[in-house]
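For reference, the structure is listed below as structure tokens.
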Amino acid sequence: MVAPSLKLQDLIEEIRGAKTQAQEREVIQKECAHIRASFRDGDPVHRHRQLAKLLYVHMLGYPAHFGQMECLKLIASSRFTDKRVGYLGAMLLLDERHDAHLLITNSIKNDLSQGIQPVQGLALCTLSTMGSAEMCRDLAPEVEKLLLQPSPYVRKKAILTAVHMIRKVPELSSVFLPPCVHLLHERHHGILLGTITLITELCERSPAALRHFRKVVPQLVQILRTLVTTGYSTEHSISGVSDPFLQVQILRLLRILGRNHEESSETMNDLLAQVATNTDTSRNAGNAVLFETVLTIMDIRSAAGLRVLAVNILGRFLLNSDRNIRYVALTSLLRLVQSDHSAVQRHRPTVVDCLQETDASLSRRALELSLALVNSSNVRAMMQELQAFLESCPPDLRADCASGILLAAERFAPTKRWHIDTILHVLTTAGTHVRDDAVANLTQLIGGAQELHAYSVRRLYNALAEDISQQPLVQVAAWCIGEYGDLLLEGNCEEIEPLQVDEEEVLALLEKVLQSHMSLPATRGYALTALMKLSTRLQGDNNRIRQVVSIYKSCLDVELQQRAVEYDTLFRKYDHMRAAILEKMPLVERDGAQADEEAKESKAAAQLSEAVPAPTEPQASQLLDLLDLLDGASGDAQHPPPLDPSPGGALVYLLDLPCAPPPPAPIPDLKVFEREGVQLNLSFIRPPENPALLLITATATNSSEGDVTDFICQAAVPKSLQLQMQAPSGNTVPARGGLPITQLFRILNPNKAPVRLKLRLTYNHFHQSVQEIFEVNNLPVESWQ
Amino acid sequence: MSLGNIRQGKLRLQKWYLATSDKERKKMVRELMQVVLARKPKMCSFLEWRDLKVVYKRYASLYFCCAIEGQDNELITLELIHRYVELLDKYFGSVCELDIIFNFEKAYFILDEFLMGGDVQDTSKKSVLKAIEQADLLQEEDESPRSVLEEMGLA
């Protein structure tokens with residue numbers, strides 16, 4: 001007893017009537033049960049309707065595998081209705097991974113040969129949608145026969161089926177290649193279109209086929225020319241453009257045939273120019289053809305003039321009000337910017353305008369293209385635009401924009417100052433989005449531009465005073481203030497407004513950075529080191545700095561703690577070396593190979609503890625040098641004095657360096673002056689990488705009962721030497737072994753001439769002013785040889 | 001190329017020209033729906049998804065999406081989508097979403113007369129519609145003698 005089954009539309013109605021997902025599931029499960037029962041009972045009459053319903057629920061996401069065999073049965077039926085639904089089912093439910101799919105091969109074979117066109121159509125369509133390689137091999141002969149049938153309806157489908165077959169079974173190319181040339185003579189658009197698609201597929205798969213089909217280039221040119229010139233037929237035109245689908249397909253094939261082939265390219269030149277200039281551009285259909293033309297021109301060996309024409313078409317596209325057109329223009333120009341740079345440059349202003357696009361995918365492409373268009377002559381103008389863009393661009397483009405600007409700046413900066421300004425601006429605007437090496441790059445850049453030190457430190461100071469949240473900026477600013485703090489306090493710099501800063505303000509700012517919860521550990525490292533450096537740059541006493549350093553000795557951050565301990569030790573036990581250690585960095589090479597330990601320390605906060613195992617770390621070995629120097633010079637102890645134990649303990653590490661290179665022999669200290677408990681001592685360092693350089697640290701100590709105040713030391717050297725004196729650490733030496741004054745002399749002695757010094761000391765002691773002038777001729781030989 | 005209609009996340013039609021598992025297809029459809037539905041009105045009709053380009057156009061409550069390969073022409077794909085909609089419109093007479101819902105198999109039949117394996121079969125609207133008409137006629141001839149009795153359950 002066959003229960004009346006729901007009609008398809010009624011089922012759909014019912015499903016849509018369900019108020020909840022659960023209800024829907026219920027309806028569907030109930031119906032599927034009926035359908036299964038119906039399939040089991042083998043009801044041929046309603047089978048097509050049952051399958052149709054099943055296909056509907058399948059589309060909603062429900063399982064329908066039990067309908068697969070039913071598809072087979074329906075396809076095998078003689079009723080057209082059955083076949084229609086059966087083939088649809090096969091396309092939706094069966095594919096080459098199911099064993100069942102092979103079973104329809106026979107039915108397809110029968111249907112292909114029985115001569116009813118709609119049926120043949122169904123079979124071909126199914127074959128081209130889900131035909132597996134096996135099926136294709138089996139049915140190739142049938143399809144081949146149909147290629148030659150008179151009916152265009154069947155032929156056009158057979159041709160496209162052949163395309164699919166070749167994709168699945170490339171060897172079938174040999175079967176389907178021969179008919180092509182003949183098919184090209186057809187006038188039916190569908191057949192032509194299919195044939196061109198087939199030829200394209202053949203050429204893409206086989207270089208031999210490609211060579212073979214080059215000979216039809218003239219014919220293709222003719223077909224396209226006819227399309228374009230003779231008045232359109234209403235049947236195939238869209239918006240006044242003759243069969244744009246066919247035009248595009250022909251152009252695509254021409255592209256493949258003309259690529260890397262002079263002769264073919266030449267044959268198409270005129271036609272391409274014609275299409276490029278005559279196609280109606282008011283609607284999308286025409287622009288689609290124009291676009292394909294441009295793609296073809298750019299890919300073949302076309303004449304230079306034609307290439308420029310193509311780029312100009314893209315440039316015009318950029319001005320089109322339709323954003324889809326602008327999109328394809330930007331994408332294409334991006335592909336061409338390397339090969340046709342000057343042609344694309346002409347459209348730079350329009351490209352820059354596109355930065356303002358509201359659609360992110362367009363503005364992103366405009367950004368990429370803009371960056372690609374920057375060169376040495378337009379860099380200033382472009383950077384202005386790009387920086388303006390950076391300020392307002394959507395967040396997901398920020399990082400790319402920032403790094404793009406920095407890269408372009410590096411390549412094309414007209415002046416160092418401009419470069420510094422640009423990086424500064426990027427750090428201020430988009431600091432959180434820059435890459436990690438931006439900080440290192442900027443410090444190197446600034447370091448290497450001596451004439452801009454004052455300028456840089458002032459600008460950075462101002463920027464930092466305004467905002468301490470942008471980490472890269474804070475890091476660079478801290479570094480700069482540490483290095484050039486003295487220049488900051490000098491007060492005048494031509495290039496920017498005079499800035500009155502006092503020492504306390506500077507220290508306060510660095511302390512603020514240190515304490516801020518916004519500061520990353522690396523940033524705090526920078527700040528602490530900067531503070532330490534300022535101890536030799538500033539005029540005032542160092543109590544504040546010492547205090548801060550002292551506080552951080554117990555900081556929870558191990559890195560900071562370690563630094564603080566080291567710095568504190570530097571104050572307390574190695575004070576006479578402090579100036580040398582903290583002196584300004586020498587101008588670095590762009591590759592940054594300079595071995596100044598300060599440079600290493602600043603640049604990589606975390607490297608200090610990791611520096612140990614690396615035997616080539618110059619920083620470590622230099623420190624080792626100094627401490628060994630201490631050893632030899634003071635003779636106080638046979639090994640370096642014990643240091644504060646700390647969990648960091650890297651100072652101990654450094655001393656234990658197993659594989660550090662043997663340090664050069666230390667130069668003994670020299671006492672050059674003594675008067676009533678006031679002593680002046682000279683210690684010497686000759687950096688191994690720079691044999692012409694001699695660093696002398698003059699240390700003034702006071703073991704008497706009276707303070708020394710207003711202490712000034714001046715020095716002179718013979719003419720063959722160059723002397724540079726740094727600011728002293730102070731001008732007071734308190735009584736009874738109070739904090740000494742240290743001062744660094746840098747002497748350049750390229751000729752290795754014997755070093756002699758003339759020193760003049762003036763100071764107040766025991767309420768008397770003292771002046772002493774004397775020569776120092778007995779400097780150790782190692783200091784200059 | 002695959003074509004799907006979506007409205008508030010309901011799929012009305014999907015055509016796959018590449019063999020993929022049901023599970024994989026479901027995943028792709030879900031993903032694609034999310035991406036397309038997230039688009040704002042002022043955005044262009046093209047987006048990049050996985051390693052494909054997707055061309056989509058909204059007609060009333062339906063999105064028509066077409067995934068194409070790198071070297072395919074986006075602008076002509078828009079024409080392709082439009083042509084399909086025109087065919088539906090001609091066939092159903094001012095087509096609306098409900099037509100496609102209740103006659104989904106017809107929507108497929110029409111698509112299969114227009115595209116094959118992802119390529120255009122015929123660029124003449126007239127020709128495609130005529131073919132469907134003929135197939136419909138053939139179907140009617142098949143069905144008419146028996147249907148009444150069957151409906152009544154008297155086989």
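Residues are named by chain letter and number: chains run A, B, ... in the order of the structure tokens, numbers start at 1 in each chain, and ligands are numbered from 1 in the order shown.
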
Mind checking which residues fall within 8 Å of Ala140 of chain A, counting only C-alpha atoms, ignoring those fewer than 5 positions away in the same chain, and posting them as a list in words?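 Once the adjacent positions are removed, what remains is Ala162, Met165 and Leu172 of chain A.
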
Running DSSP on the backbone, which parts of chain B land in alpha helix (DSSP H), as a ChimeraX atom specification? /B:22-37,74-92,97-102,104-114,125-151

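Checking A:Val85, A:Thr20, A:Asp541, A:Gly482 one by one against His46 of chain A, counting only C-alpha atoms, you find the shortest gap at A:Val85.
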
If we count only C-alpha atoms, what is near Met33 of chain B at a cut-off of 9 Å, once residues fewer than 2 positions away on the same chain are taken out, given as a VMD selection string? chain B and resid 6 8 to 11 28 to 31 35 to 38

Go ahead and save the picked residues with C-alpha atoms, as a PDB file, in the first residue's frame.
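Done, and the output landed in out-v1.pdb:
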ATOM      1  CA  ILE B   6      23.254  32.880   0.423  1.00  0.00           C
ATOM      2  CA  GLN B   8      21.443  35.292   6.178  1.00  0.00           C
ATOM      3  CA  GLY B   9      23.513  32.203   5.843  1.00  0.00           C
ATOM      4  CA  LYS B  10      21.130  29.885   4.024  1.00  0.00           C
ATOM      5  CA  LEU B  11      22.471  28.169   0.970  1.00  0.00           C
ATOM      6  CA  MET B  28      34.368  25.839   2.555  1.00  0.00           C
ATOM      7  CA  VAL B  29      30.800  26.980   2.209  1.00  0.00           C
ATOM      8  CA  ARG B  30      30.645  28.045   5.841  1.00  0.00           C
ATOM      9  CA  GLU B  31      33.908  29.922   5.550  1.00  0.00           C
ATOM     10  CA  VAL B  35      33.645  36.151   4.529  1.00  0.00           C
ATOM     11  CA  VAL B  36      31.051  37.370   2.062  1.00  0.00           C
ATOM     12  CA  LEU B  37      28.430  38.291   4.630  1.00  0.00           C
ATOM     13  CA  ALA B  38      31.046  40.364   6.428  1.00  0.00           C
TER      14      ALA B  38
END

Counting only C-alpha atoms, which residues of chain A come no farther than 7 Å from chain B, as a VMD selection string? chain A and resid 2 4 9 12 79 to 81 95 118 125 128 to 129 156 to 157 160 164 189 to 190 194 235 to 236 243 245 284 to 285 288 292 323 to 324 359

Please dump the current selection as a PDB file, in the first residue's frame; keep N, CA and C atoms.
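As written to disk, part_26.pdb reads:
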ATOM      1  N   VAL A   2       0.791   1.988  -1.040  1.00  0.00           N
ATOM      2  CA  VAL A   2       1.683   3.140  -1.185  1.00  0.00           C
ATOM      3  C   VAL A   2       1.024   4.387  -0.589  1.00  0.00           C
ATOM      4  N   PRO A   4       0.422   8.175   0.031  1.00  0.00           N
ATOM      5  CA  PRO A   4       0.687   9.314  -0.861  1.00  0.00           C
ATOM      6  C   PRO A   4       1.866  10.133  -0.303  1.00  0.00           C
ATOM      7  N   GLN A   9       7.283  20.620  -3.333  1.00  0.00           N
ATOM      8  CA  GLN A   9       7.015  21.980  -2.880  1.00  0.00           C
ATOM      9  C   GLN A   9       6.322  21.984  -1.519  1.00  0.00           C
ATOM     10  N   ILE A  12       8.999  21.457   1.054  1.00  0.00           N
ATOM     11  CA  ILE A  12       9.750  22.704   1.254  1.00  0.00           C
ATOM     12  C   ILE A  12       8.943  23.651   2.141  1.00  0.00           C
ATOM     13  N   ARG A  79      12.145   7.624 -18.954  1.00  0.00           N
ATOM     14  CA  ARG A  79      11.411   8.881 -18.835  1.00  0.00           C
ATOM     15  C   ARG A  79      12.348  10.058 -18.666  1.00  0.00           C
ATOM     16  N   PHE A  80      12.061  11.112 -19.366  1.00  0.00           N
ATOM     17  CA  PHE A  80      12.937  12.265 -19.300  1.00  0.00           C
ATOM     18  C   PHE A  80      12.958  12.890 -17.907  1.00  0.00           C
ATOM     19  N   THR A  81      11.772  12.924 -17.307  1.00  0.00           N
ATOM     20  CA  THR A  81      11.702  13.489 -15.955  1.00  0.00           C
ATOM     21  C   THR A  81      12.655  12.772 -15.014  1.00  0.00           C
ATOM     22  N   ASP A  95      30.490  11.327  -6.744  1.00  0.00           N
ATOM     23  CA  ASP A  95      31.695  11.815  -7.403  1.00  0.00           C
ATOM     24  C   ASP A  95      32.703  10.687  -7.414  1.00  0.00           C
ATOM     25  N   PRO A 118      18.064  16.762 -25.722  1.00  0.00           N
ATOM     26  CA  PRO A 118      18.080  17.108 -24.294  1.00  0.00           C
ATOM     27  C   PRO A 118      18.704  16.006 -23.445  1.00  0.00           C
ATOM     28  N   CYS A 125      26.523  16.924 -19.725  1.00  0.00           N
ATOM     29  CA  CYS A 125      26.687  17.843 -18.598  1.00  0.00           C
ATOM     30  C   CYS A 125      27.164  17.104 -17.366  1.00  0.00           C
ATOM     31  N   SER A 128      30.776  16.046 -17.664  1.00  0.00           N
ATOM     32  CA  SER A 128      31.759  17.120 -17.495  1.00  0.00           C
ATOM     33  C   SER A 128      31.791  17.648 -16.070  1.00  0.00           C
ATOM     34  N   THR A 129      30.768  17.346 -15.282  1.00  0.00           N
ATOM     35  CA  THR A 129      30.767  17.830 -13.896  1.00  0.00           C
ATOM     36  C   THR A 129      31.459  16.862 -12.957  1.00  0.00           C
ATOM     37  N   LYS A 156      28.315  21.881 -29.032  1.00  0.00           N
ATOM     38  CA  LYS A 156      28.947  22.822 -28.110  1.00  0.00           C
ATOM     39  C   LYS A 156      29.164  22.164 -26.747  1.00  0.00           C
ATOM     40  N   LYS A 157      28.219  21.298 -26.357  1.00  0.00           N
ATOM     41  CA  LYS A 157      28.376  20.613 -25.071  1.00  0.00           C
ATOM     42  C   LYS A 157      29.473  19.567 -25.143  1.00  0.00           C
ATOM     43  N   LEU A 160      32.876  21.173 -24.695  1.00  0.00           N
ATOM     44  CA  LEU A 160      33.223  21.501 -23.314  1.00  0.00           C
ATOM     45  C   LEU A 160      33.445  20.240 -22.482  1.00  0.00           C
ATOM     46  N   HIS A 164      36.878  19.061 -20.177  1.00  0.00           N
ATOM     47  CA  HIS A 164      36.938  18.377 -18.875  1.00  0.00           C
ATOM     48  C   HIS A 164      37.736  17.084 -18.976  1.00  0.00           C
ATOM     49  N   HIS A 189      28.359  30.855 -32.156  1.00  0.00           N
ATOM     50  CA  HIS A 189      29.152  31.411 -31.068  1.00  0.00           C
ATOM     51  C   HIS A 189      29.473  30.402 -29.983  1.00  0.00           C
ATOM     52  N   GLY A 190      28.478  29.567 -29.689  1.00  0.00           N
ATOM     53  CA  GLY A 190      28.691  28.577 -28.637  1.00  0.00           C
ATOM     54  C   GLY A 190      29.791  27.604 -29.019  1.00  0.00           C
ATOM     55  N   GLY A 194      33.424  27.319 -27.217  1.00  0.00           N
ATOM     56  CA  GLY A 194      33.884  26.041 -26.691  1.00  0.00           C
ATOM     57  C   GLY A 194      35.206  25.627 -27.303  1.00  0.00           C
ATOM     58  N   GLU A 235      21.564  39.322 -30.337  1.00  0.00           N
ATOM     59  CA  GLU A 235      21.531  38.060 -29.632  1.00  0.00           C
ATOM     60  C   GLU A 235      22.736  37.877 -28.706  1.00  0.00           C
ATOM     61  N   HIS A 236      23.897  38.365 -29.160  1.00  0.00           N
ATOM     62  CA  HIS A 236      25.097  38.072 -28.390  1.00  0.00           C
ATOM     63  C   HIS A 236      25.730  39.276 -27.719  1.00  0.00           C
ATOM     64  N   ASP A 243      29.390  40.112 -28.052  1.00  0.00           N
ATOM     65  CA  ASP A 243      29.793  38.893 -27.346  1.00  0.00           C
ATOM     66  C   ASP A 243      31.081  39.045 -26.537  1.00  0.00           C
ATOM     67  N   PHE A 245      32.007  37.688 -23.859  1.00  0.00           N
ATOM     68  CA  PHE A 245      32.547  36.403 -23.386  1.00  0.00           C
ATOM     69  C   PHE A 245      33.486  35.823 -24.424  1.00  0.00           C
ATOM     70  N   ASN A 284      30.415  47.803 -17.783  1.00  0.00           N
ATOM     71  CA  ASN A 284      31.324  46.755 -17.337  1.00  0.00           C
ATOM     72  C   ASN A 284      31.720  45.792 -18.449  1.00  0.00           C
ATOM     73  N   ALA A 285      30.806  45.469 -19.336  1.00  0.00           N
ATOM     74  CA  ALA A 285      31.102  44.495 -20.394  1.00  0.00           C
ATOM     75  C   ALA A 285      32.274  44.965 -21.238  1.00  0.00           C
ATOM     76  N   ALA A 288      35.439  44.866 -19.304  1.00  0.00           N
ATOM     77  CA  ALA A 288      35.940  43.495 -19.138  1.00  0.00           C
ATOM     78  C   ALA A 288      36.807  43.117 -20.327  1.00  0.00           C
ATOM     79  N   GLU A 292      40.969  42.494 -20.367  1.00  0.00           N
ATOM     80  CA  GLU A 292      41.625  41.317 -20.911  1.00  0.00           C
ATOM     81  C   GLU A 292      42.629  41.725 -21.985  1.00  0.00           C
ATOM     82  N   ARG A 323      34.194  51.030  -8.447  1.00  0.00           N
ATOM     83  CA  ARG A 323      35.363  50.606  -7.687  1.00  0.00           C
ATOM     84  C   ARG A 323      35.888  49.244  -8.098  1.00  0.00           C
ATOM     85  N   ASN A 324      35.067  48.427  -8.733  1.00  0.00           N
ATOM     86  CA  ASN A 324      35.557  47.148  -9.240  1.00  0.00           C
ATOM     87  C   ASN A 324      36.611  47.372 -10.304  1.00  0.00           C
ATOM     88  N   ASP A 359      37.296  51.198   0.764  1.00  0.00           N
ATOM     89  CA  ASP A 359      37.382  49.741   0.742  1.00  0.00           C
ATOM     90  C   ASP A 359      38.822  49.333   1.054  1.00  0.00           C
TER      91      ASP A 359
END

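Atom CA of Val248 of chain A sits 15.0 Å away from atom CA of Ile68 of chain B.
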
Non-local contacts of Leu177 of chain A (10 Å; only C-alpha atoms; under 3 positions in same chain excluded) as a list in words: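 Listed by chain and then number, they are Ala162, Leu172, Ser173, Ser174, Cys180, Val181, Leu198, Ile199, Leu202, Cys203, Ala209, His212 and Phe213 of chain A.
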
If you measure from atom CA of Glu24 of chain B to atom CA of Leu124 of chain A, what distance in Å do you get, rounded to one decimal?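 Separating atom CA of Glu24 of chain B from atom CA of Leu124 of chain A is a distance of 26.0 Å.
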
I'd like the interatomic distance between atom CA of Val311 of chain A and atom CA of Val216 of chain A, to a tenth of an Å. 27.7 Å
